[in-house]
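Novice: The structure is given below, and queries will be raised subsequently.
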Amino acid sequence: MRKIILKFPGGRYKAFTMSFDDGLKSDRPMVELCKKYGLKATFNICSGNFGRGDCVDEDEAVELYDNEYCEVASHGYEHRCLGKIPVPDAMMDVVQDRIKLEQMFGKLVHGHIYPYGNYTDDVKTMVRLAGFEYCRTAVDCQSFLLPKDWYEWNPTSHIGVPAAQELLDKFLAYNESYYEGVVFYVWAHTYEFKNFFPWERVEEFCKKISGHDDIWYATNLEICRYVKAYRSLEYFADGTHVYNPTQIDVWIGCDYGTKMIPAGKLIDLRTGEAK
């Protein structure tokens with residue numbers, strides 16, 4: 001076997017995801033754009049701030065985000081700067097937020113976004129122990145590569161900077177996969193679309209990225225779990241068979257073509273037959 005390449009569901013080699021912070025009333029038009037264009041986004045909520053200022057209240061949050069286009073993630077109960085407070089205090093803040101959001105939505109909350117983009121090695125350890133599977137930073141990496149460290153997931157770009165349009169064009173034109181797939185990950189605060197980056201340009205961006213057969217549109221957690229499932233595949237020493245120990249169907253590219261490895265199955269890559 002010369003190489004194994006990650007492919008996303010359906011054999012796609014590209015994925016697109018978005019992330020929006022703070023749980024704001026201005027998220028509503030963004031959710032509507034997701035529904036209109038078939039996109040998915042992760043909304044990062046500070047549940048201790050419900051009803052304060054421009055934040056949604058509790059009832060509105062459930063009505064707004066509880067649908068197939070949205071993932072709800074933690075942004076800290078009170079949006080505290082985790083790297084600047086004692087670790088036990090920071091642990092209480094993120095765990096309290098997770099508990100509240102899971103009670104509200106009846107779903108596991110396994111994503112976290114560092115408030116103010118501030119974190120330390122201790123904070124990274126703390127959020128892992130608190131049960132989160134990934135954490136996003138506020139550092140634009142200008143890259144489509146997947147993170148090596150899920151607790152330091154740098155997005156590709158803020159959606160409002162000029163480079164985002166150039167990256168969009170580059171991503172759409174890209175026709176070769178890296179060994180672990182390519183992901184275009186944009187983020188923002190939706191209040192910025194009113195003050196700095198008009199909604200018309202946001203919709204233009206969403207329209208342009210949507211509807212492509214070679215792109216998987218997913219939430220942050222969907223991408224994280226899929227890639228982890230891919231990295232969990234177990235191969236025969238001669239590369240002819242692969243076992244998928246996870247509960248997620250995984251697609252790969254290999255010497256024998258594009259193959260789907262069903263959850264819990266051992267597949268002969270030469271024939272595609274399950275053992």
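Letters for chains follow the order of the structure tokens (A, B, ...), residue numbers begin at 1 for each chain, and ligand numbers begin at 1 in the order shown.
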Mind the document's chain letters and residue numbers, and return as a count of residues only the residues of region 14-226 of chain A that DSSP labels strand (DSSP E).

Specialist: 37

Novice: Nearest residue to Tyr230 (chain A) out of A:Glu192, A:Asp213, A:Asp268, A:Glu180, using only C-alpha atoms?

Specialist: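 Closest candidate: A:Glu180.
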
Novice: Got a sec to tell me which of region 21-200 of chain A DSSP assigns to helix (DSSP H, G or I), as a PyMOL selection string?

Specialist: chain A and resi 27-37+47-49+58-65+82-84+87-105+115-117+121-129+150-152+162-173+192-195+199-200

Novice: What does the distance from CA of Ser26 (chain A) to CA of Tyr65 (chain A) come to in Å, to one decimal?

Specialist: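 Result for CA of Ser26 (chain A) versus CA of Tyr65 (chain A): 12.5 Å, one decimal.
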
Novice: Need to verify the contact set: Thr190 (chain A), 8 Å, only C-alpha atoms, exclusion of same-chain residues closer than 2 positions in sequence. Can you return it as a list in words?

Specialist: Phe20, Asp21, Leu24, Ser26, Asp27, Met30, Ala188, Glu192, Phe193 and Lys194 of chain A

Novice: Could you write out that same residue set with C-alpha atoms as a PDB file, in the first residue's frame?

Specialist:
```
ATOM      1  CA  PHE A  20     -19.951  31.936  15.617  1.00  0.00           C
ATOM      2  CA  ASP A  21     -19.338  33.168  19.145  1.00  0.00           C
ATOM      3  CA  LEU A  24     -26.208  36.692  20.073  1.00  0.00           C
ATOM      4  CA  SER A  26     -27.774  38.645  15.511  1.00  0.00           C
ATOM      5  CA  ASP A  27     -27.188  34.901  15.083  1.00  0.00           C
ATOM      6  CA  MET A  30     -26.972  33.481  10.179  1.00  0.00           C
ATOM      7  CA  ALA A 188     -16.854  35.414  13.434  1.00  0.00           C
ATOM      8  CA  GLU A 192     -19.655  42.258  13.256  1.00  0.00           C
ATOM      9  CA  PHE A 193     -21.867  41.832  10.195  1.00  0.00           C
ATOM     10  CA  LYS A 194     -23.901  44.836  11.275  1.00  0.00           C
TER      11      LYS A 194
END
```

Novice: Would you mind listing what lies within 6 Å of Val182 (chain A) as an MDAnalysis selection string, with only C-alpha atoms counted and same-chain residues fewer than 3 positions away left out?

Specialist: chainID A and resid 14 144:145

Novice: Quick one: of A:Ile4, A:Tyr134, A:Gly211, A:Ala218, who's nearest to Glu71 (chain A), counting only C-alpha atoms?

Specialist: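 Nearest to Glu71 (chain A): A:Ala218.
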
Novice: With only C-alpha atoms as the basis for distance, which of A:Leu221, A:Asp59, A:Asp214, A:Glu152 is at the shortest distance from Asn175 (chain A)?

Specialist: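 For Asn175 (chain A), the nearest of the given residues is A:Asp214.
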
Novice: Which residues, written as a list in words, have at least one atom at most 12 Å from Arg201 (chain A), with only C-alpha atoms counted and residues fewer than 4 positions away on the same chain left out?

Specialist: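 Counting only the stated atoms, we get Leu33, Ile159, Gly160, Val161, Pro162, Ala164, Gln165, Glu192, Phe193, Lys194, Phe196, Phe197, Phe205, Cys206, Lys207 and Lys208 of chain A.
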
Novice: Write a file of the just-selected residues containing N, CA and C atoms, as a CSV table (one decimal), in the first residue's frame.

Specialist:
```
chain,number,residue,atom,x,y,z
A,33,LEU,N,-29.5,31.8,7.0
A,33,LEU,CA,-28.6,31.6,5.8
A,33,LEU,C,-28.1,30.1,5.8
A,159,ILE,N,-14.3,35.2,8.8
A,159,ILE,CA,-15.0,35.4,7.5
A,159,ILE,C,-15.0,36.8,7.0
A,160,GLY,N,-14.7,37.8,7.8
A,160,GLY,CA,-14.8,39.2,7.4
A,160,GLY,C,-13.5,39.8,6.9
A,161,VAL,N,-12.4,39.1,7.0
A,161,VAL,CA,-11.2,39.7,6.5
A,161,VAL,C,-11.0,39.5,5.0
A,162,PRO,N,-10.3,40.4,4.3
A,162,PRO,CA,-10.2,40.3,2.9
A,162,PRO,C,-9.6,39.0,2.4
A,164,ALA,N,-10.3,36.1,3.4
A,164,ALA,CA,-11.3,35.0,3.4
A,164,ALA,C,-11.8,34.8,1.9
A,165,GLN,N,-12.0,35.8,1.2
A,165,GLN,CA,-12.5,35.7,-0.2
A,165,GLN,C,-11.4,35.0,-1.1
A,192,GLU,N,-20.6,41.6,14.2
A,192,GLU,CA,-19.7,42.3,13.3
A,192,GLU,C,-20.3,42.5,11.9
A,193,PHE,N,-21.3,41.7,11.5
A,193,PHE,CA,-21.9,41.8,10.2
A,193,PHE,C,-22.7,43.1,10.1
A,194,LYS,N,-23.1,43.6,11.2
A,194,LYS,CA,-23.9,44.8,11.3
A,194,LYS,C,-23.0,46.0,11.3
A,196,PHE,N,-19.3,46.0,10.8
A,196,PHE,CA,-18.0,46.0,10.0
A,196,PHE,C,-18.1,45.3,8.7
A,197,PHE,N,-19.0,44.3,8.6
A,197,PHE,CA,-19.0,43.4,7.4
A,197,PHE,C,-20.4,43.2,7.0
A,205,PHE,N,-21.0,35.2,0.3
A,205,PHE,CA,-20.0,34.2,0.7
A,205,PHE,C,-20.7,32.9,0.8
A,206,CYS,N,-21.8,32.8,1.5
A,206,CYS,CA,-22.5,31.6,1.8
A,206,CYS,C,-23.0,31.0,0.5
A,207,LYS,N,-23.6,31.8,-0.4
A,207,LYS,CA,-24.1,31.3,-1.7
A,207,LYS,C,-23.0,30.7,-2.5
A,208,LYS,N,-21.8,31.4,-2.5
A,208,LYS,CA,-20.7,30.9,-3.3
A,208,LYS,C,-20.1,29.6,-2.8
```

Novice: Just the residues within 8 Å of Cys70 (chain A), please, counting only C-alpha atoms, with nothing from its chain fewer than 6 positions along; format it as an mmCIF file with C-alpha atoms, in the first residue's frame.

Specialist:
```
data_model
loop_
_atom_site.group_PDB
_atom_site.id
_atom_site.type_symbol
_atom_site.label_atom_id
_atom_site.label_comp_id
_atom_site.auth_asym_id
_atom_site.auth_seq_id
_atom_site.Cartn_x
_atom_site.Cartn_y
_atom_site.Cartn_z
ATOM 1 C CA VAL A 31 -29.056 30.438 11.085
ATOM 2 C CA LYS A 40 -23.811 23.966 8.948
ATOM 3 C CA ALA A 41 -22.339 26.017 11.766
ATOM 4 C CA THR A 42 -21.325 25.720 15.400
ATOM 5 C CA PHE A 43 -22.712 28.376 17.746
ATOM 6 C CA THR A 219 -20.416 21.175 12.140
#
```

Novice: Go through A:Asp238, A:Pro29, A:Gly76, A:Ala173 and flag the residue nearest Glu200 (chain A), using only C-alpha atoms for the distances.

Specialist: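 Ranking A:Asp238, A:Pro29, A:Gly76, A:Ala173 by distance to Glu200 (chain A), first place goes to A:Pro29.
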
Novice: When distances are computed from only C-alpha atoms, which of A:Glu32, A:Glu58, A:Asp255, A:Glu234 shows the smallest separation from Arg270 (chain A)?

Specialist: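 For Arg270 (chain A), the nearest of the given residues is A:Asp255.
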
Novice: Considering only C-alpha atoms, state which residue in the set A:Glu166, A:Glu63, A:Glu222, A:Asp57 is at the smallest distance from Phe105 (chain A).

Specialist: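 Selected residue with least distance to Phe105 (chain A): A:Glu63.
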
Novice: Could you jot down the CA of Asp140 (chain A) to CA of Leu101 (chain A) separation for me, Å, one decimal place?

Specialist: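 Taking CA of Asp140 (chain A) and CA of Leu101 (chain A), their separation equals 27.1 Å.
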
Novice: Tell me, as a VMD selection string, which residues lie within 7 Å of Gly181 (chain A), counting only C-alpha atoms; anything in the same chain fewer than 5 positions away does not count.

Specialist: chain A and resid 6 to 7 13 to 14

Novice: Quick one: distance from CA of Leu129 (chain A) to CA of Arg98 (chain A) in Å, one decimal?

Specialist: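 Interatomic distance, CA of Leu129 (chain A) to CA of Arg98 (chain A): 12.6 Å.
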